[in-house]
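Contents: one structure, followed by commentary.
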Amino acid sequence: METIKLTINGQEVLTHQGQTILDVVNEHGLDEIPTLCHDPRLEPYGSCFICVVEVAGLKKLVPACSTLATEGMIVETDNPRIHSSRKTALELLLSNHYADCIGPCIDHCPSNVDAQGYIALISMGRYEEALKLVKENNPLPLSIGRVCVRDCEAACRRQIVDEPVAINHLKRFIADKDAVHKWTPRVPEPNGKTVAVVGGGPAGLTCAYYLTLKGYKVTLFEKLPNLGGMMRYGIPEYRLPKAVMDDEIAWITGLGVEVRMGMELGKDITITGLKGKYDAVFLAVGAHRASTMRLEHEDEIEGVVKGIDFLREVQMDGPPEFSGTVAVVGGGNTAIDAARTALRCGAEKVAIIYRRSIREMPAHEEEVEAARKEGVDFHFLTNPKSIVSENGRLKAVECLKMSLQEVEDGGRPRPVPIPGSEFKLECTTLIGAIGQAVDTSFNDKTDGCDLERWGTIKVNDKSLETSIPNVFAGGDVVTGPWTAIGAIAQGKHAARAIDLKLTSGNAEQADFSFASFKHHFHDVTKVELEDVSEDVPRQHLPELPPKERIGDFREVEGGYSPDQAESETRRCLECGCVEYYDCKLRRYADQFGVDTTPFRGETREYKVDHSHPLVVNDPNKCISCGRCVRMCDNELGVAALGFVHRGFRSVVRPALEKPLVETPCVACGNCIDTCPTGALAEAFPHKVLGTMTKLDMPSVCQFCSLGCPVNMKVVTGDHFHVANTTSAVQNGPNRGLLCSRGRFGHRYLVENEPVAAPHLGGGGEPQPVDWKDALDRIHAGITGVVAKHGVDAVAMMVSPRWSNEAQYLAQKAARRAVGTSRVGSFAYLDAPHAQSGLNAQLGATLSSANLADIDDAEVVCVLPGAMGEESLVLETMIRRARKGGARVVVLGETGDRMAALADQWLTPEPGSAPALFYALVRQWLDAGKVDGKSTVEGWDELRRHVEGFDAERVMKTTGITRDCLAKWLETFGDPERRMVWVVPPAGDDGHDTALPALADTLLARGGFGRAGDGWILMDRHANAAGARELGVAPGHLPGFMPTEQADDLKSAMESGKVKALVVLGEDPIGAGLPLGKLDFLVAMDRSWTKTLERADVILPAVSAAEEEGTITRCDGVVQALKPVVPMDAERWNWRVIARLGARFGSGFAFESVDDVRMEIREAHPMLSVDRDASYRGASILARGPVNGGTFRFACVSTGKVEAEAAPDVIAAERWFKENIRTK
Amino acid sequence: MKQIKVGLATCGISAGGEAVFAAIKSKLDATKTKAELLETGCVGMCYNEVLVEVLDGDKSHLYYDVTPEKVGRIVDEDVIGGKAISEWLVSGPGVNREAAFFDKQKRIVLRNCGIIDPGSITDYLDREGYQGIRKALAEFTPEQVIEMIQASGLRGRGGGGFSTGLKWKFARMAKGNKKYIICNADEGDPGAFMDRSVLEGDPHAVIEGMMVAAYAIGADEGYLYVRAEYPKAIQRLREAISQCEERGFLGKGIFDSEINLILHIKEGAGAFVCGEETALIASIEGKRGVPRMRPPFPANRGLWDKPTNINNVETYANVPWIMRNGAEAYAVLGTERSKGTKVFALAGKIAKSGLVEVPMGITINEIVFDIGGGIRDGKAFKAVQMGGPSGGCIPASMGDLSIDYDEITKTGAIMGSGGMVVLDETTCMVDVAKYFLTFTQNESCGKCTFCRIGTKRMLEVLERITEGRGREGDIDLLEDLADKIKSSSLCGLGQTAPNPVLTTLKYFREEYEAHIRDKRCPAHVCKALISYRINPETCVGCTLCSRKCPVNAISGEAKKPHIIDPNACIKCGLCHEVCRFDAVVIE
């Protein structure tokens, strides 16, 4: 290829012709150009114009992803013009993005607690994880779960349908759960820095908590006798029991916060003093000074008190004894609290006086309702005018009726007195609860920070830093009286700012975070939510009856039951996008600081398509980049998706705008991975998890033998899903593409509980036992059978999906420890060919080419067999080879999709494929293209054998026409062509003579070891190749070493010779296989199966994705596995089997998986378990037969033998078919 | 025998040509007159259709505005009586009513249109038809043909103006055994109809042009991509292709040479963007008509990834003439860098709308006033919109601009396919920009972000400006978006979509400002910004307006001045139209 030179960002680079500018920039790491429509696996398209760059001499900007680099080109990849164009492109895309990035609940919460996330976790029963999520933004959920003003619920979309989701009750539910088994975060080593926090209210406590978690030594100063601030002294006991709050505060201080009580700022401590002693100071002293009612003599008359003072005194000194009528002035929560407290103090009557109507009342509606129920009277549109007293003692309050006047700016209507409407309200106590103010008396000229005009402390909005460096302030003292969650938000903000200041010197945080919201476009209406069922009503908290509750200060409301909580979670509409963290559009929106307001206009709106059980299509989020269309159509040949409409309305939709489920969609989900936004997303079996971060864990697919790399996105604990979005998995031979099994089949691991412990069964409910008892029982059972029936009565069956290490140890335990030769798998009981079909010819049964060879082949031929859905990925490999010029031949009924790929499709009669192969050999011999001299035993026999395959006979046997046969012979006329033969698992053509005939053909041709040449043995099981090589087969030992076997394993099983059976990872009973009468059954599996239920001893297993080990791909490439989710390492299969083996004898002392690997390597030269993707079985064959001797021709005959469909002995496979495929 | 030709191109048909044809036929039958009744294409005077020509040898009587009622007299007096009816004549003995229309024209592309019967290959052959390709095959190598076309200076008439010879050369040089030739007949610009006229009036000229191109580049297969909205053109092409096949002009060994050529017709489904060559190719391949990135250009990777040459109808129609008359004869016409002639479709507020073919270098004023007869109804000439939705508005003050590719491009407009919409003083330039942007917005294929959403947002800004909701900063926003759309779109549609807005902003910025700042539409077009009032001085109280008003917004006693209730008025303008005393004024 021609080399060209170009200049990018002033740097000269060399590349070869045919590369795009983007390729070159990435190859040389010159810049990170943002892209949306680009997927390196797809043909360049160039539609989003995010990747534009400037090329000298061109007036236009060009898309880097689809512009070819040319000689002498001078490119700039970033400058103000490019930046501005990219930003505008993003703004345009987002101006037509009628969707929510996050739920309004999260957005409206002052502290941005991920409500949608914890609701989802609660719905999954993951309470502790839910609580941890809450505490990322709110360390006081026990308290807040009781008293929050719930901005989240006010914003909740559910209320458009009926009522908002009871978000706060759910938070209280998990916080209450946690109160019993408290989760405690890990506190890091002290970082040596100290911070003084002044004020022990929610702001101060929160700041102390988050700083402690960062390793700061925090000292908390509090003036009052107890911590909690306004939550303690302003909120009555019946709403927030102080014991509950103490519990929570103690949990925070218990993390290592030093608390110093009775310390008043300005008196006991000073700002200057603290600043001198600590690295940073946080002032959060609150707003505790009550506002006056501005009535004459209100401070002098006995019986007139201020709301907040009253509540504090009740808290500090206990409830006073009231009698007669108590009047409360005000309409906020403090007024309601004071009124309800007054009732509990024995007041006969309580009246609330409020100058506006109920509609304008700032108090929470539910509180107002509770007060009403308890008998509080409300005097709306009423205002106190003066106090009537007698001898300095309150007698009554004179009030005026008010009327409301609309104000022009749309604010709250102004109350205007109605002249002459005065009336007197007799009362014994008058409580003024009309607001609070900040008390900054601590602040003076020598020791103080700048204040705002209205008395609060002045801070930098971005950092909360005051006019004094390193002194920060937050909470009510900055905001004025606000809410508890507002104070928490400030505390959290301050902690982050202090940490930034002390680590980087700059406290300001760039916290621009873009989020799209539907309500920014227009109000969300009921029409859009018409499909939401109203069947699940909002769950209410149990509460004490009003009569009972006003008797004392007991908490009025109880918590949810788990059933109530579960029911409530179902009401969540999951507004926030499932791709929040994976969405490139949002990421770039953040990066470029987009503002869509100038471009607000019409949006293209669609109903979200939930018709498909596994894929959600939300066209509102589609940016028309066409990646899914190119993926589905060009790469996969499915064409379930396409573009519809033109111009502004154009969008990706299923063909004819049908629901996705009515398209030819094969549910492979590759569209999900390529979609750069959330337009195509997985339909999870659980709620959408809000903004939770996910961890990418590479693994290998556990289904068929293609061994596709999969990326598991672990959300939390053992919860994950498959998303092949990382470049690591996209560099595999499957280029990250998966079939439905690979993508959705791993849900088996998430949705099925692992077996918790060893059990003893054998009648009745299996009982958990410890490992020692279980192994003892196995030892006793097996030795008993051996004593009675001999070692041949014991058989060991192992799943061909288990790791190499587990497979090896299992056969070793059977052969060496127990001494039986009966080793195999139920998977191959009926198909021994699949494991040993080539042993006679080659000394081993293995693939001679690897998957990458498909790319280099001149001809790819797919043999007859049971090519199922797993062929989807293989098809893409073959399709790519075909694009590169390879000819594709398909033999037999391998499915329409494979056939559609073929340049030549032949359908020989079942069992007749050998005729086609021997016809080839005959042709080569006749033409002198093979010399018949290579060292293979049986040339004469082969010559005689192929004599019988003249054209007439081949046509008759195979049913192939003359033209077809001629074309076949022509395609393979030159034995030197690079040919890759794909051999699927034998289908109903059970005779399986095609493979030996193919081997004869290539033996006749001679020459193993070329690139782009050889055969690949496919299998339905992930580690079938490993099982073969490691001798988990009745016919041979590891490394295909021949062995004597007692008799056929299958007939031994059927005739009842086998009395003790150890089944590892297979479920023969679930698959309906008769096991005969067994004296003893041991079964080991990952989750409960029918076989486990029937076993005498049950051992828990892990899947290969949950342990360390290796598995061997169909082509012999060995891939390492790491546990994707945390699982007790003692439970790893190879360790369990090693312990089992050790119970029977020596030779099972392995410290690590590497020890096992080392022994495998030593067992046989071909068993190197470190083979990488360059491995080719042909290099082994090039040296001659695997265990010495000479190659032999098999000279098989044609003919069909009926075979039964292979049973599904793997539980995960059956689960997939029953739970995913049927969808 | 006398011949009677009826103009039956689409313009003739829509003027009632078929009824005239039928009337003549029955009149001939009834009078048992022996005369040959023929169809012909459009001669360019669309404003005079239905045109009927009575031919006696080389004597021609051309009648205009013929209706079935006039047929009787024409047959009786002229066909039978041999005497022209001079008051109905366009041209004939002693009459040459349209001399001005034709004098400044030079007809190469349109030379046969309206003259021959397009359904007759012999008519075409009689006028030197297929002499060009015969000459090419007999006398020149493909390379020489390409040199000739290059020497002629012919540039692509589809809008881009790229050198045709060079384009052929690239396709010739491209490696590959299989090459294709495509004729782009997806004429989509509103206001342009020259390709249709050529296909309807002289289909063989286009086919012959394609033959020459196929020979030159080495293609043996070709497509004519014709919009399905042109049924007459498709019918003509089908006839023409089968006539060629019958005579061995198409198929294997054309004109007894070694050269093979087969041509297919592909009907386009009416997507404007399919006029873009890569989208057109995708459409022929059966894919969604979406442009792709170039390079690779079709000359190297075109239809089915094979080297492909694609030109439009008018370009091909020039080729046979050049082959016959030589490159120099063509190159003497026109200007330094734009040679030959160009066909323009005159439309809008012009007195004589129709097709004209003029040498490059003629001025706008010559076309508008000398050929087109000036502005209709004596209104003032304001601007000319050139190049369709990809083009722009050139103000009347630049009327002396000499028309060639480069001069027009300098103004911000483009030559385009030759649509020329004449605007008068009653046209609101913001409204014009909005009209064309609405068109491009709907016709965008939706692939590129800027074209798909950017044009929509520009349109929304124009909408709010014309609805009186314009804001300060809107002009800047329009200019910024326009600039970005032009520089970040894949194909010509997006790259030129902002042109109508940019040129009107360039030449008529004050109109935009009046809309935004003064909430006033100077041309009295934008409904939200105008009101109707009755001038009591001139109103005579005839009551006509109040009777016509669909919403009863006008009141007043008979013979006394009326008034319009501004709250009830829906600004339909009917009162203004019907008032015979110009008493209804727009403010």
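Residues are named by chain letter and number: chains run A, B, ... in the order of the structure tokens, numbers start at 1 in each chain, and ligands are numbered from 1 in the order shown.
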Could you work out which residues of chain B fall inside 8 Å of chain A? Count only C-alpha atoms, and format the result as a list of chain:residue names.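 Using only C-alpha atoms, chain B residues at most 8 Å from chain A: B:Arg292, B:Met293, B:Arg294, B:Pro295, B:Gln441, B:Asn442, B:Glu443, B:Ser444, B:Cys445, B:Gly446, B:Lys447, B:Cys448, B:Thr449, B:Phe450, B:Cys451, B:Arg452, B:Ile453, B:Gly454, B:Lys456, B:Arg457, B:Glu460, B:Lys484, B:Lys486, B:Ser487, B:Ser488, B:Ser489, B:Leu490.
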Could you save the residues just selected, with N, CA, C and O atoms, as an mmCIF file, in the first residue's frame?
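Output file result.cif follows:
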```cif
data_model
loop_
_atom_site.group_PDB
_atom_site.id
_atom_site.type_symbol
_atom_site.label_atom_id
_atom_site.label_comp_id
_atom_site.auth_asym_id
_atom_site.auth_seq_id
_atom_site.Cartn_x
_atom_site.Cartn_y
_atom_site.Cartn_z
ATOM 1 N N ARG B 292 -23.570 10.438 -0.123
ATOM 2 C CA ARG B 292 -22.455 9.957 0.673
ATOM 3 C C ARG B 292 -21.265 10.880 0.450
ATOM 4 O O ARG B 292 -21.274 11.741 -0.425
ATOM 5 N N MET B 293 -20.293 10.655 1.278
ATOM 6 C CA MET B 293 -19.092 11.484 1.228
ATOM 7 C C MET B 293 -18.365 11.283 -0.110
ATOM 8 O O MET B 293 -18.237 10.156 -0.585
ATOM 9 N N ARG B 294 -17.902 12.378 -0.703
ATOM 10 C CA ARG B 294 -17.031 12.285 -1.871
ATOM 11 C C ARG B 294 -15.722 12.956 -1.520
ATOM 12 O O ARG B 294 -15.763 14.011 -0.874
ATOM 13 N N PRO B 295 -14.556 12.545 -1.927
ATOM 14 C CA PRO B 295 -14.285 11.337 -2.699
ATOM 15 C C PRO B 295 -14.554 10.070 -1.887
ATOM 16 O O PRO B 295 -14.647 10.186 -0.691
ATOM 17 N N GLN B 441 -35.874 22.365 3.634
ATOM 18 C CA GLN B 441 -36.047 21.669 4.912
ATOM 19 C C GLN B 441 -36.853 20.388 4.707
ATOM 20 O O GLN B 441 -36.493 19.341 5.220
ATOM 21 N N ASN B 442 -37.907 20.490 3.921
ATOM 22 C CA ASN B 442 -38.708 19.282 3.685
ATOM 23 C C ASN B 442 -37.975 18.274 2.825
ATOM 24 O O ASN B 442 -38.223 17.080 2.923
ATOM 25 N N GLU B 443 -37.092 18.770 1.966
ATOM 26 C CA GLU B 443 -36.441 17.869 1.022
ATOM 27 C C GLU B 443 -35.076 17.395 1.489
ATOM 28 O O GLU B 443 -34.434 16.601 0.828
ATOM 29 N N SER B 444 -34.621 17.890 2.619
ATOM 30 C CA SER B 444 -33.359 17.384 3.172
ATOM 31 C C SER B 444 -33.544 15.890 3.408
ATOM 32 O O SER B 444 -34.613 15.441 3.802
ATOM 33 N N CYS B 445 -32.493 15.132 3.150
ATOM 34 C CA CYS B 445 -32.654 13.698 3.366
ATOM 35 C C CYS B 445 -32.600 13.372 4.843
ATOM 36 O O CYS B 445 -32.962 12.285 5.258
ATOM 37 N N GLY B 446 -32.133 14.331 5.652
ATOM 38 C CA GLY B 446 -32.119 14.107 7.093
ATOM 39 C C GLY B 446 -30.858 13.454 7.597
ATOM 40 O O GLY B 446 -30.773 13.079 8.753
ATOM 41 N N LYS B 447 -29.858 13.330 6.733
ATOM 42 C CA LYS B 447 -28.653 12.638 7.177
ATOM 43 C C LYS B 447 -27.782 13.531 8.066
ATOM 44 O O LYS B 447 -27.438 13.146 9.170
ATOM 45 N N CYS B 448 -27.430 14.693 7.570
ATOM 46 C CA CYS B 448 -26.479 15.524 8.301
ATOM 47 C C CYS B 448 -27.191 16.398 9.341
ATOM 48 O O CYS B 448 -28.222 16.995 9.063
ATOM 49 N N THR B 449 -26.566 16.477 10.484
ATOM 50 C CA THR B 449 -27.151 17.233 11.594
ATOM 51 C C THR B 449 -27.524 18.662 11.193
ATOM 52 O O THR B 449 -28.634 19.115 11.438
ATOM 53 N N PHE B 450 -26.583 19.364 10.578
ATOM 54 C CA PHE B 450 -26.824 20.781 10.294
ATOM 55 C C PHE B 450 -27.945 20.981 9.299
ATOM 56 O O PHE B 450 -28.766 21.871 9.442
ATOM 57 N N CYS B 451 -27.974 20.142 8.289
ATOM 58 C CA CYS B 451 -29.008 20.287 7.275
ATOM 59 C C CYS B 451 -30.365 19.877 7.851
ATOM 60 O O CYS B 451 -31.360 20.535 7.628
ATOM 61 N N ARG B 452 -30.366 18.796 8.613
ATOM 62 C CA ARG B 452 -31.625 18.271 9.142
ATOM 63 C C ARG B 452 -32.226 19.205 10.192
ATOM 64 O O ARG B 452 -33.398 19.562 10.110
ATOM 65 N N ILE B 453 -31.423 19.598 11.160
ATOM 66 C CA ILE B 453 -31.981 20.390 12.266
ATOM 67 C C ILE B 453 -31.669 21.872 12.088
ATOM 68 O O ILE B 453 -32.501 22.729 12.375
ATOM 69 N N GLY B 454 -30.473 22.156 11.562
ATOM 70 C CA GLY B 454 -30.083 23.560 11.405
ATOM 71 C C GLY B 454 -31.027 24.328 10.496
ATOM 72 O O GLY B 454 -31.451 25.438 10.820
ATOM 73 N N LYS B 456 -34.038 23.621 9.897
ATOM 74 C CA LYS B 456 -35.324 23.714 10.595
ATOM 75 C C LYS B 456 -35.302 24.894 11.572
ATOM 76 O O LYS B 456 -36.248 25.670 11.655
ATOM 77 N N ARG B 457 -34.204 25.020 12.289
ATOM 78 C CA ARG B 457 -34.134 26.118 13.264
ATOM 79 C C ARG B 457 -34.077 27.470 12.555
ATOM 80 O O ARG B 457 -34.657 28.450 13.016
ATOM 81 N N GLU B 460 -37.516 28.253 11.578
ATOM 82 C CA GLU B 460 -38.310 28.722 12.718
ATOM 83 C C GLU B 460 -38.010 30.180 13.043
ATOM 84 O O GLU B 460 -38.909 30.936 13.416
ATOM 85 N N LYS B 484 -22.536 27.792 9.350
ATOM 86 C CA LYS B 484 -22.192 26.440 9.797
ATOM 87 C C LYS B 484 -22.853 25.373 8.933
ATOM 88 O O LYS B 484 -22.273 24.320 8.663
ATOM 89 N N LYS B 486 -23.573 25.653 5.830
ATOM 90 C CA LYS B 486 -22.850 25.602 4.555
ATOM 91 C C LYS B 486 -21.533 24.835 4.692
ATOM 92 O O LYS B 486 -21.135 24.100 3.789
ATOM 93 N N SER B 487 -20.879 25.020 5.826
ATOM 94 C CA SER B 487 -19.558 24.404 5.909
ATOM 95 C C SER B 487 -19.606 22.989 6.467
ATOM 96 O O SER B 487 -18.618 22.265 6.394
ATOM 97 N N SER B 488 -20.720 22.569 7.022
ATOM 98 C CA SER B 488 -20.775 21.228 7.612
ATOM 99 C C SER B 488 -21.960 20.420 7.116
ATOM 100 O O SER B 488 -22.780 19.965 7.903
ATOM 101 N N SER B 489 -22.077 20.309 5.811
ATOM 102 C CA SER B 489 -23.077 19.420 5.244
ATOM 103 C C SER B 489 -22.403 18.621 4.144
ATOM 104 O O SER B 489 -21.485 19.104 3.494
ATOM 105 N N LEU B 490 -22.897 17.408 3.981
ATOM 106 C CA LEU B 490 -22.229 16.492 3.062
ATOM 107 C C LEU B 490 -22.446 16.856 1.596
ATOM 108 O O LEU B 490 -21.551 16.764 0.783
#
```
So that I can check the secondary structure, give me every residue of segment 130-305 of chain B assigned strand (DSSP E) by backbone DSSP, as a list in words.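 These are the residues in question: Tyr180, Ile181, Ile182, Cys183, Asn184, Ala185, Glu221, Gly222, Tyr223, Leu224, Tyr225, Val226, Arg227, Ile262, Leu263, His264, Ile265, Lys266, Glu267 and Gly268 of chain B.
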Restricting the calculation to only C-alpha atoms: of A:Ala494, A:Ala166, A:Val187, A:Ala155, which residue gets closest to Ala565 of chain A? A:Ala166
Residues within 9 Å of Arg337 of chain B, only C-alpha atoms, excluding chain neighbours under 3 positions, as a PyMOL selection string: chain B and resi 153+334+404-406
Write out, as a short mmCIF file (atom, residue, chain, number, x, y, z; two decimals), in the first residue's frame, the residues just selected, with all heavy atoms.
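Written file, part_38.cif:
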```cif
data_model
loop_
_atom_site.label_atom_id
_atom_site.label_comp_id
_atom_site.auth_asym_id
_atom_site.auth_seq_id
_atom_site.Cartn_x
_atom_site.Cartn_y
_atom_site.Cartn_z
N GLY B 153 -15.59 23.73 -24.00
CA GLY B 153 -15.84 24.51 -22.78
C GLY B 153 -17.15 24.19 -22.12
O GLY B 153 -17.59 24.90 -21.21
N GLY B 334 -20.70 32.65 -25.73
CA GLY B 334 -20.53 32.77 -24.29
C GLY B 334 -19.37 33.63 -23.88
O GLY B 334 -18.86 34.44 -24.65
N ASP B 404 -22.91 34.51 -16.27
CA ASP B 404 -22.17 33.27 -16.46
C ASP B 404 -21.91 32.66 -15.09
O ASP B 404 -22.25 33.26 -14.07
CB ASP B 404 -20.90 33.46 -17.29
CG ASP B 404 -19.79 34.18 -16.55
OD1 ASP B 404 -19.92 34.37 -15.32
OD2 ASP B 404 -18.79 34.55 -17.21
N TYR B 405 -21.37 31.46 -15.08
CA TYR B 405 -21.24 30.74 -13.82
C TYR B 405 -20.57 31.56 -12.73
O TYR B 405 -21.05 31.66 -11.61
CB TYR B 405 -20.44 29.43 -14.02
CG TYR B 405 -21.24 28.35 -14.69
CD1 TYR B 405 -21.11 28.08 -16.04
CD2 TYR B 405 -22.15 27.60 -13.94
CE1 TYR B 405 -21.85 27.10 -16.65
CE2 TYR B 405 -22.91 26.61 -14.54
CZ TYR B 405 -22.76 26.35 -15.91
OH TYR B 405 -23.50 25.38 -16.50
N ASP B 406 -19.46 32.18 -13.11
CA ASP B 406 -18.64 32.80 -12.09
C ASP B 406 -19.23 34.11 -11.60
O ASP B 406 -19.18 34.41 -10.42
CB ASP B 406 -17.23 32.99 -12.66
CG ASP B 406 -16.72 31.67 -13.24
OD1 ASP B 406 -16.47 30.75 -12.45
OD2 ASP B 406 -16.65 31.56 -14.49
#
```
Excluding segment 207-215 of chain B and residues on its chain fewer than 5 positions from it, collect all residues at most 6 Å away from it, counting only C-alpha atoms, and give them as a list in words. Ile133, Tyr316, Ala317, Val319 and Pro320 of chain B
Selected residues, N, CA, C and O atoms, written as a PDB file, in the first residue's frame, please.
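File produced: part21.pdb:
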```
ATOM      1  N   ILE B 133     -23.193  11.050 -33.058  1.00  0.00           N
ATOM      2  CA  ILE B 133     -22.623   9.792 -32.589  1.00  0.00           C
ATOM      3  C   ILE B 133     -21.968   9.044 -33.738  1.00  0.00           C
ATOM      4  O   ILE B 133     -20.899   8.454 -33.590  1.00  0.00           O
ATOM      5  N   TYR B 316     -26.227  16.696 -21.729  1.00  0.00           N
ATOM      6  CA  TYR B 316     -26.188  15.698 -22.811  1.00  0.00           C
ATOM      7  C   TYR B 316     -26.764  16.258 -24.115  1.00  0.00           C
ATOM      8  O   TYR B 316     -26.284  15.946 -25.196  1.00  0.00           O
ATOM      9  N   ALA B 317     -27.821  17.076 -23.957  1.00  0.00           N
ATOM     10  CA  ALA B 317     -28.479  17.573 -25.167  1.00  0.00           C
ATOM     11  C   ALA B 317     -27.568  18.492 -25.986  1.00  0.00           C
ATOM     12  O   ALA B 317     -27.773  18.694 -27.175  1.00  0.00           O
ATOM     13  N   VAL B 319     -24.408  17.847 -26.415  1.00  0.00           N
ATOM     14  CA  VAL B 319     -23.298  17.068 -26.975  1.00  0.00           C
ATOM     15  C   VAL B 319     -23.431  16.795 -28.481  1.00  0.00           C
ATOM     16  O   VAL B 319     -22.474  17.010 -29.230  1.00  0.00           O
ATOM     17  N   PRO B 320     -24.600  16.332 -28.975  1.00  0.00           N
ATOM     18  CA  PRO B 320     -24.678  16.023 -30.413  1.00  0.00           C
ATOM     19  C   PRO B 320     -24.350  17.250 -31.278  1.00  0.00           C
ATOM     20  O   PRO B 320     -23.664  17.151 -32.294  1.00  0.00           O
TER      21      PRO B 320
END
```
Taking 2 positions as the minimum chain separation for residues in the same chain, which residues sit within 12 Å of Cys572 of chain B when counting only C-alpha atoms? Answer as a PyMOL selection string. chain B and resi 525-528+530-532+545+548-551+553+568-570+574-578+586
Near-Phe508 of chain B list (12 Å; only C-alpha atoms; drop same-chain fewer than 4 positions) as a list in words: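 The residues that qualify are Lys382, Ala383, Gly392, Cys393, Ile394, Pro395, Ala396, Ser397, Thr427, Cys428, Met429, Val430, Asp431, Val432, Ala433, Pro500, Val501, Leu502, Thr503, Thr504, Tyr512, Glu513, Ala514, His515, Pro522 and Ala523 of chain B.
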Which polymer residues have any atom within 7 Å of an atom of segment 141-149 of chain B, counting only C-alpha atoms, with same-chain residues fewer than 3 positions away left out, as a PyMOL selection string? chain B and resi 136+152-154+164-165+168-169+215-217+327
